[in-house]
Amino acid sequence: MNIKNFMNIERSLSASHTENNKDLIKILSGKLKRLGREKHYFNTELQHYWPAEFFGLHKSSLFNNCNEHQRIKILTECSNHLLREAYFIEKSGLAYCAKMVLLADTTEVAQTYSLIGSDEATHLQWITPYVTQEYRTQPKGEFLIYLTELIQQGDSSCLMYLLQVILEGWGLHHYKDLSQHCQNTHLKKLLADIVRDEALHHKTGTILFKPEKLSSAQRNFIQDSLASFLEMVRVGPLAVVSHVEFVLGGLNNAEKILLIEQLSGPKTAAIKLKILKQLMSIPGCEKFIDHLNAKKMFTPYSSAQCV
Ligand SMILES: [Fe+2]
Ligand SMILES: [Fe+2]
């Protein structure tokens with residue numbers, strides 16, 4: 001079956017999300033209510049849900065020299081980036097599960113992915129109020145483009161490893177971190193609830209993935225995809241740098257290098273790379289690690305290399 005002929009992940013991610021069909025919204029929230037999973041959005045004055053410490057910005061001389069208005073603007077940009085990214089992660093989770101249901105070899109596998117898809121639809125519904133309508137149709141940034149291509153191109157075996165074992169495992173750490181440091185009680189709880197579901201999604205991947213059955217073409221696909229992902233992590237907090245630059249105007253290279261250094265960019269990247277290595281290290285996947293180690297892919301770039 002060539003699924004590429006009838007499934008376009010990019011199209012699914014750019015689908016409109018206006019919430020204009022009130023009858024459909026009633027069905028959606030009614031269903032979540034019956035499942036005991038309905039959440040109410042409490043609008044607050046706070047625009048920046050995570051503090052400067054979460055991004056390492058409290059150690060930045062550039063940030064500390066900003067006025068109050070600029071500081072809030074930078075933190076709001078950083079928060080919005082995280083929430084928009086989470087929105088598209090959940091939206092792509094939906095598309096991923098739809099693909100896996102159609103590719104399932106057994107009925108139980110199809111049922112499992114359908115239920116995981118229901119979790120992703122729920123998470124998406126929870127995150128949606130935090131993302132304004134204009135940001136719900138165009139996934140931006142290197143990671144989301146990577147994720148879209150991965151879901152589009154990967155077959156079920158490769159995706160079980162890449163999407164569920166690695167990225168859902170990674171998502172677990174990410175959401176846990178977001179929840180722990182979030183300054184809004186409602187969002188904090190919502191993120192903690194997502195973590196609980198994602199743990200099961202990750203575990204399902206570790207149960208279903210059979211590395212011994214991979215062909216050499218599948219192994220190559222996995223290897224290349226892992227390398228591309230690690231490249232994005234090795235460069236550290238470039239997204240934070242771009243938000244600072246967006247608010248303050250163009251930064252020169254020396255300012256960028258100092259900012260990355262003060263954000264502890266390489267140190268944070270090293271911690272993330274270590275977590276990823278642990279996630280990749282499941283029996284039967286040792287050769288992926290050896291290959292990536294040989295290419296020094298678990299070593300972060302220096303601040304100067306990042307700019
Ligand atoms: Fe999710
Ligand atoms: Fe998930």
# chains A, B, ... in the order shown; residues from 1 in each chain; ligands from 1
>>> residues_near_ligand(ligand="ligand 1", cutoff="8 Å", atoms="only C-alpha atoms and all ligand atoms", output="list in words")
Ile89, Glu90, Gly93, Asp119, Glu120, Ala121, Thr122, His123, Leu124, Ile194, Asp197 and Glu198 of chain A
>>> select_by_dssp(residues="segment 96-210 of chain A", states="helix (DSSP H, G or I)", output="MDAnalysis selection string")
chainID A and resid 96:103 107:130 133:135 142:153 156:181 185:208
>>> residues_around(residues="Pro266 of chain A", least_positions_apart="5", cutoff="10 Å", atoms="only C-alpha atoms", output="PyMOL selection string")
chain A and resi 233-237+260-261+271-272+299-303+306
>>> closest_atom_pairs(of="segment 17-111 of chain A", to="segment 204-219 of chain A", cutoff="12 Å", atoms="only C-alpha atoms", output="tab-separated table")
residue	atom	partner	partner_atom	distance
A:Met100	CA	A:Gly205	CA	11.6
A:Ala104	CA	A:Leu208	CA	10.8
A:Asp105	CA	A:Leu208	CA	11.0
A:Thr106	CA	A:Leu208	CA	11.4
A:Glu108	CA	A:Leu208	CA	11.2
A:Val109	CA	A:Leu208	CA	8.6
A:Ala110	CA	A:Leu208	CA	11.9
>>> closest_residue(among="A:Phe221, A:Tyr96, A:Tyr161, A:Trp126", to="ligand 2", atoms="only C-alpha atoms and all ligand atoms")
A:Tyr96
>>> residues_around(residues="segment 40-50 of chain A", least_positions_apart="6", cutoff="7 Å", atoms="only C-alpha atoms", output="list in words")
Leu75, Thr76, Ser79, Pro129, His181, Cys182, Gln183 and Asn184 of chain A
>>> residues_around(residues="Leu191 of chain A", least_positions_apart="5", cutoff="8 Å", atoms="only C-alpha atoms", output="PyMOL selection string")
chain A and resi 175-176+178-179
>>> closest_residue(among="A:Leu103, A:Leu276, A:Ile127, A:Cys97", to="ligand 2", atoms="only C-alpha atoms and all ligand atoms")
A:Cys97
>>> residues_around(residues="segment 18-20 of chain A", least_positions_apart="6", cutoff="10 Å", atoms="only C-alpha atoms", output="list of chain:residue names")
A:Thr128, A:Thr132, A:Gln133, A:Glu134, A:Arg136, A:Thr137
>>> write_last_selection(atoms="all heavy atoms", output="PDB file, in the first residue's frame")
ATOM      1  N   THR A 128      -5.440  24.343  22.492  1.00  0.00           N
ATOM      2  CA  THR A 128      -5.976  25.301  21.516  1.00  0.00           C
ATOM      3  C   THR A 128      -6.280  26.706  22.077  1.00  0.00           C
ATOM      4  O   THR A 128      -5.903  27.696  21.447  1.00  0.00           O
ATOM      5  CB  THR A 128      -7.224  24.698  20.821  1.00  0.00           C
ATOM      6  OG1 THR A 128      -6.789  23.534  20.123  1.00  0.00           O
ATOM      7  CG2 THR A 128      -7.857  25.668  19.836  1.00  0.00           C
ATOM      8  N   THR A 132      -3.646  31.590  19.406  1.00  0.00           N
ATOM      9  CA  THR A 132      -4.641  32.349  18.647  1.00  0.00           C
ATOM     10  C   THR A 132      -4.788  31.767  17.239  1.00  0.00           C
ATOM     11  O   THR A 132      -3.866  31.141  16.709  1.00  0.00           O
ATOM     12  CB  THR A 132      -4.267  33.848  18.561  1.00  0.00           C
ATOM     13  OG1 THR A 132      -2.923  33.926  18.103  1.00  0.00           O
ATOM     14  CG2 THR A 132      -4.390  34.538  19.904  1.00  0.00           C
ATOM     15  N   GLN A 133      -5.977  32.016  16.679  1.00  0.00           N
ATOM     16  CA  GLN A 133      -6.357  31.369  15.422  1.00  0.00           C
ATOM     17  C   GLN A 133      -5.336  31.523  14.279  1.00  0.00           C
ATOM     18  O   GLN A 133      -5.093  30.583  13.545  1.00  0.00           O
ATOM     19  CB  GLN A 133      -7.691  31.959  14.991  1.00  0.00           C
ATOM     20  CG  GLN A 133      -8.620  30.934  14.439  1.00  0.00           C
ATOM     21  CD  GLN A 133      -9.848  31.598  13.904  1.00  0.00           C
ATOM     22  OE1 GLN A 133      -9.897  31.939  12.728  1.00  0.00           O
ATOM     23  NE2 GLN A 133     -10.812  31.827  14.763  1.00  0.00           N
ATOM     24  N   GLU A 134      -4.745  32.703  14.180  1.00  0.00           N
ATOM     25  CA  GLU A 134      -3.810  32.949  13.063  1.00  0.00           C
ATOM     26  C   GLU A 134      -2.558  32.054  13.131  1.00  0.00           C
ATOM     27  O   GLU A 134      -1.836  31.931  12.144  1.00  0.00           O
ATOM     28  CB  GLU A 134      -3.411  34.425  13.044  1.00  0.00           C
ATOM     29  CG  GLU A 134      -2.501  34.806  14.192  1.00  0.00           C
ATOM     30  CD  GLU A 134      -2.737  36.202  14.720  1.00  0.00           C
ATOM     31  OE1 GLU A 134      -2.066  37.099  14.211  1.00  0.00           O
ATOM     32  OE2 GLU A 134      -3.549  36.357  15.657  1.00  0.00           O
ATOM     33  N   ARG A 136      -2.657  28.767  13.968  1.00  0.00           N
ATOM     34  CA  ARG A 136      -3.052  27.363  14.017  1.00  0.00           C
ATOM     35  C   ARG A 136      -2.946  26.633  12.678  1.00  0.00           C
ATOM     36  O   ARG A 136      -3.356  25.484  12.571  1.00  0.00           O
ATOM     37  CB  ARG A 136      -4.508  27.250  14.507  1.00  0.00           C
ATOM     38  CG  ARG A 136      -4.696  27.706  15.932  1.00  0.00           C
ATOM     39  CD  ARG A 136      -6.160  27.587  16.313  1.00  0.00           C
ATOM     40  NE  ARG A 136      -6.454  28.266  17.558  1.00  0.00           N
ATOM     41  CZ  ARG A 136      -7.678  28.562  17.965  1.00  0.00           C
ATOM     42  NH1 ARG A 136      -8.720  28.227  17.226  1.00  0.00           N
ATOM     43  NH2 ARG A 136      -7.877  29.184  19.106  1.00  0.00           N
ATOM     44  N   THR A 137      -2.451  27.322  11.651  1.00  0.00           N
ATOM     45  CA  THR A 137      -2.423  26.655  10.336  1.00  0.00           C
ATOM     46  C   THR A 137      -1.047  26.590   9.683  1.00  0.00           C
ATOM     47  O   THR A 137      -0.890  25.934   8.665  1.00  0.00           O
ATOM     48  CB  THR A 137      -3.393  27.339   9.351  1.00  0.00           C
ATOM     49  OG1 THR A 137      -3.123  28.730   9.381  1.00  0.00           O
ATOM     50  CG2 THR A 137      -4.836  27.086   9.720  1.00  0.00           C
TER      51      THR A 137
END
>>> atom_distance(atom1="atom CA of Ala192 of chain A", atom2="atom CA of Lys33 of chain A")
18.7 Å
>>> closest_residue(among="A:Pro139, A:Gly36, A:Gly30, A:Gly171", to="ligand 2", atoms="only C-alpha atoms and all ligand atoms")
A:Gly171
>>> closest_residue(among="A:His58, A:Gln125, A:Lys73, A:Ile151", to="Leu28 of chain A", atoms="only C-alpha atoms")
A:Gln125
>>> closest_residue(among="A:Gly284, A:Pro51, A:Gly169, A:Gly265", to="Ala199 of chain A", atoms="only C-alpha atoms")
A:Gly169
>>> decode(residues="segment 170-204 of chain A", atoms="N, CA and C atoms", output="PDB file, in the first residue's frame")
ATOM      1  N   TRP A 170      11.051  11.911  24.377  1.00  0.00           N
ATOM      2  CA  TRP A 170      11.594  13.264  24.480  1.00  0.00           C
ATOM      3  C   TRP A 170      10.489  14.227  24.934  1.00  0.00           C
ATOM      4  N   GLY A 171       9.297  14.040  24.357  1.00  0.00           N
ATOM      5  CA  GLY A 171       8.139  14.862  24.707  1.00  0.00           C
ATOM      6  C   GLY A 171       7.794  14.745  26.186  1.00  0.00           C
ATOM      7  N   LEU A 172       7.978  13.549  26.712  1.00  0.00           N
ATOM      8  CA  LEU A 172       7.722  13.322  28.140  1.00  0.00           C
ATOM      9  C   LEU A 172       8.576  14.249  29.004  1.00  0.00           C
ATOM     10  N   HIS A 173       9.880  14.269  28.706  1.00  0.00           N
ATOM     11  CA  HIS A 173      10.808  15.147  29.445  1.00  0.00           C
ATOM     12  C   HIS A 173      10.413  16.612  29.249  1.00  0.00           C
ATOM     13  N   HIS A 174      10.100  16.948  27.999  1.00  0.00           N
ATOM     14  CA  HIS A 174       9.789  18.328  27.640  1.00  0.00           C
ATOM     15  C   HIS A 174       8.537  18.817  28.377  1.00  0.00           C
ATOM     16  N   TYR A 175       7.455  18.055  28.297  1.00  0.00           N
ATOM     17  CA  TYR A 175       6.194  18.458  28.951  1.00  0.00           C
ATOM     18  C   TYR A 175       6.344  18.484  30.478  1.00  0.00           C
ATOM     19  N   LYS A 176       7.118  17.548  31.013  1.00  0.00           N
ATOM     20  CA  LYS A 176       7.350  17.503  32.460  1.00  0.00           C
ATOM     21  C   LYS A 176       8.036  18.801  32.912  1.00  0.00           C
ATOM     22  N   ASP A 177       9.039  19.178  32.127  1.00  0.00           N
ATOM     23  CA  ASP A 177       9.796  20.396  32.389  1.00  0.00           C
ATOM     24  C   ASP A 177       8.879  21.626  32.296  1.00  0.00           C
ATOM     25  N   LEU A 178       8.068  21.657  31.242  1.00  0.00           N
ATOM     26  CA  LEU A 178       7.151  22.789  31.051  1.00  0.00           C
ATOM     27  C   LEU A 178       6.183  22.888  32.226  1.00  0.00           C
ATOM     28  N   SER A 179       5.655  21.731  32.638  1.00  0.00           N
ATOM     29  CA  SER A 179       4.679  21.728  33.732  1.00  0.00           C
ATOM     30  C   SER A 179       5.325  22.189  35.045  1.00  0.00           C
ATOM     31  N   GLN A 180       6.499  21.640  35.340  1.00  0.00           N
ATOM     32  CA  GLN A 180       7.176  21.965  36.605  1.00  0.00           C
ATOM     33  C   GLN A 180       7.428  23.462  36.775  1.00  0.00           C
ATOM     34  N   HIS A 181       7.762  24.145  35.671  1.00  0.00           N
ATOM     35  CA  HIS A 181       8.170  25.545  35.777  1.00  0.00           C
ATOM     36  C   HIS A 181       7.094  26.543  35.362  1.00  0.00           C
ATOM     37  N   CYS A 182       5.921  26.032  34.983  1.00  0.00           N
ATOM     38  CA  CYS A 182       4.861  26.920  34.501  1.00  0.00           C
ATOM     39  C   CYS A 182       4.301  27.767  35.645  1.00  0.00           C
ATOM     40  N   GLN A 183       4.049  29.053  35.347  1.00  0.00           N
ATOM     41  CA  GLN A 183       3.590  29.987  36.393  1.00  0.00           C
ATOM     42  C   GLN A 183       2.076  30.082  36.468  1.00  0.00           C
ATOM     43  N   ASN A 184       1.380  29.401  35.561  1.00  0.00           N
ATOM     44  CA  ASN A 184      -0.081  29.441  35.550  1.00  0.00           C
ATOM     45  C   ASN A 184      -0.621  28.095  36.034  1.00  0.00           C
ATOM     46  N   THR A 185      -1.371  28.121  37.127  1.00  0.00           N
ATOM     47  CA  THR A 185      -1.802  26.875  37.772  1.00  0.00           C
ATOM     48  C   THR A 185      -2.593  25.974  36.825  1.00  0.00           C
ATOM     49  N   HIS A 186      -3.471  26.578  36.045  1.00  0.00           N
ATOM     50  CA  HIS A 186      -4.320  25.798  35.152  1.00  0.00           C
ATOM     51  C   HIS A 186      -3.491  25.099  34.057  1.00  0.00           C
ATOM     52  N   LEU A 187      -2.606  25.872  33.431  1.00  0.00           N
ATOM     53  CA  LEU A 187      -1.755  25.313  32.377  1.00  0.00           C
ATOM     54  C   LEU A 187      -0.786  24.272  32.939  1.00  0.00           C
ATOM     55  N   LYS A 188      -0.318  24.525  34.129  1.00  0.00           N
ATOM     56  CA  LYS A 188       0.611  23.609  34.811  1.00  0.00           C
ATOM     57  C   LYS A 188      -0.034  22.219  34.975  1.00  0.00           C
ATOM     58  N   LYS A 189      -1.298  22.208  35.408  1.00  0.00           N
ATOM     59  CA  LYS A 189      -2.022  20.964  35.648  1.00  0.00           C
ATOM     60  C   LYS A 189      -2.307  20.260  34.304  1.00  0.00           C
ATOM     61  N   LEU A 190      -2.692  21.061  33.331  1.00  0.00           N
ATOM     62  CA  LEU A 190      -2.998  20.535  31.995  1.00  0.00           C
ATOM     63  C   LEU A 190      -1.767  19.810  31.399  1.00  0.00           C
ATOM     64  N   LEU A 191      -0.593  20.439  31.569  1.00  0.00           N
ATOM     65  CA  LEU A 191       0.637  19.846  31.036  1.00  0.00           C
ATOM     66  C   LEU A 191       1.006  18.565  31.785  1.00  0.00           C
ATOM     67  N   ALA A 192       0.738  18.561  33.090  1.00  0.00           N
ATOM     68  CA  ALA A 192       1.017  17.354  33.887  1.00  0.00           C
ATOM     69  C   ALA A 192       0.105  16.210  33.429  1.00  0.00           C
ATOM     70  N   ASP A 193      -1.137  16.535  33.064  1.00  0.00           N
ATOM     71  CA  ASP A 193      -2.069  15.512  32.576  1.00  0.00           C
ATOM     72  C   ASP A 193      -1.621  14.965  31.219  1.00  0.00           C
ATOM     73  N   ILE A 194      -1.051  15.837  30.392  1.00  0.00           N
ATOM     74  CA  ILE A 194      -0.525  15.380  29.090  1.00  0.00           C
ATOM     75  C   ILE A 194       0.619  14.385  29.327  1.00  0.00           C
ATOM     76  N   VAL A 195       1.482  14.700  30.294  1.00  0.00           N
ATOM     77  CA  VAL A 195       2.633  13.836  30.596  1.00  0.00           C
ATOM     78  C   VAL A 195       2.173  12.402  30.877  1.00  0.00           C
ATOM     79  N   ARG A 196       1.095  12.278  31.652  1.00  0.00           N
ATOM     80  CA  ARG A 196       0.591  10.939  32.006  1.00  0.00           C
ATOM     81  C   ARG A 196       0.229  10.133  30.757  1.00  0.00           C
ATOM     82  N   ASP A 197      -0.440  10.789  29.796  1.00  0.00           N
ATOM     83  CA  ASP A 197      -0.821  10.087  28.552  1.00  0.00           C
ATOM     84  C   ASP A 197       0.398   9.767  27.702  1.00  0.00           C
ATOM     85  N   GLU A 198       1.309  10.728  27.606  1.00  0.00           N
ATOM     86  CA  GLU A 198       2.476  10.544  26.728  1.00  0.00           C
ATOM     87  C   GLU A 198       3.346   9.378  27.199  1.00  0.00           C
ATOM     88  N   ALA A 199       3.346   9.136  28.513  1.00  0.00           N
ATOM     89  CA  ALA A 199       4.141   8.023  29.043  1.00  0.00           C
ATOM     90  C   ALA A 199       3.653   6.706  28.440  1.00  0.00           C
ATOM     91  N   LEU A 200       2.345   6.590  28.291  1.00  0.00           N
ATOM     92  CA  LEU A 200       1.770   5.370  27.730  1.00  0.00           C
ATOM     93  C   LEU A 200       2.039   5.276  26.216  1.00  0.00           C
ATOM     94  N   HIS A 201       2.018   6.421  25.538  1.00  0.00           N
ATOM     95  CA  HIS A 201       2.298   6.429  24.094  1.00  0.00           C
ATOM     96  C   HIS A 201       3.733   5.949  23.847  1.00  0.00           C
ATOM     97  N   HIS A 202       4.638   6.464  24.689  1.00  0.00           N
ATOM     98  CA  HIS A 202       6.052   6.088  24.578  1.00  0.00           C
ATOM     99  C   HIS A 202       6.208   4.587  24.839  1.00  0.00           C
ATOM    100  N   LYS A 203       5.546   4.107  25.871  1.00  0.00           N
ATOM    101  CA  LYS A 203       5.661   2.693  26.237  1.00  0.00           C
ATOM    102  C   LYS A 203       5.137   1.793  25.115  1.00  0.00           C
ATOM    103  N   THR A 204       4.037   2.215  24.487  1.00  0.00           N
ATOM    104  CA  THR A 204       3.477   1.432  23.373  1.00  0.00           C
ATOM    105  C   THR A 204       4.522   1.264  22.271  1.00  0.00           C
TER     106      THR A 204
END
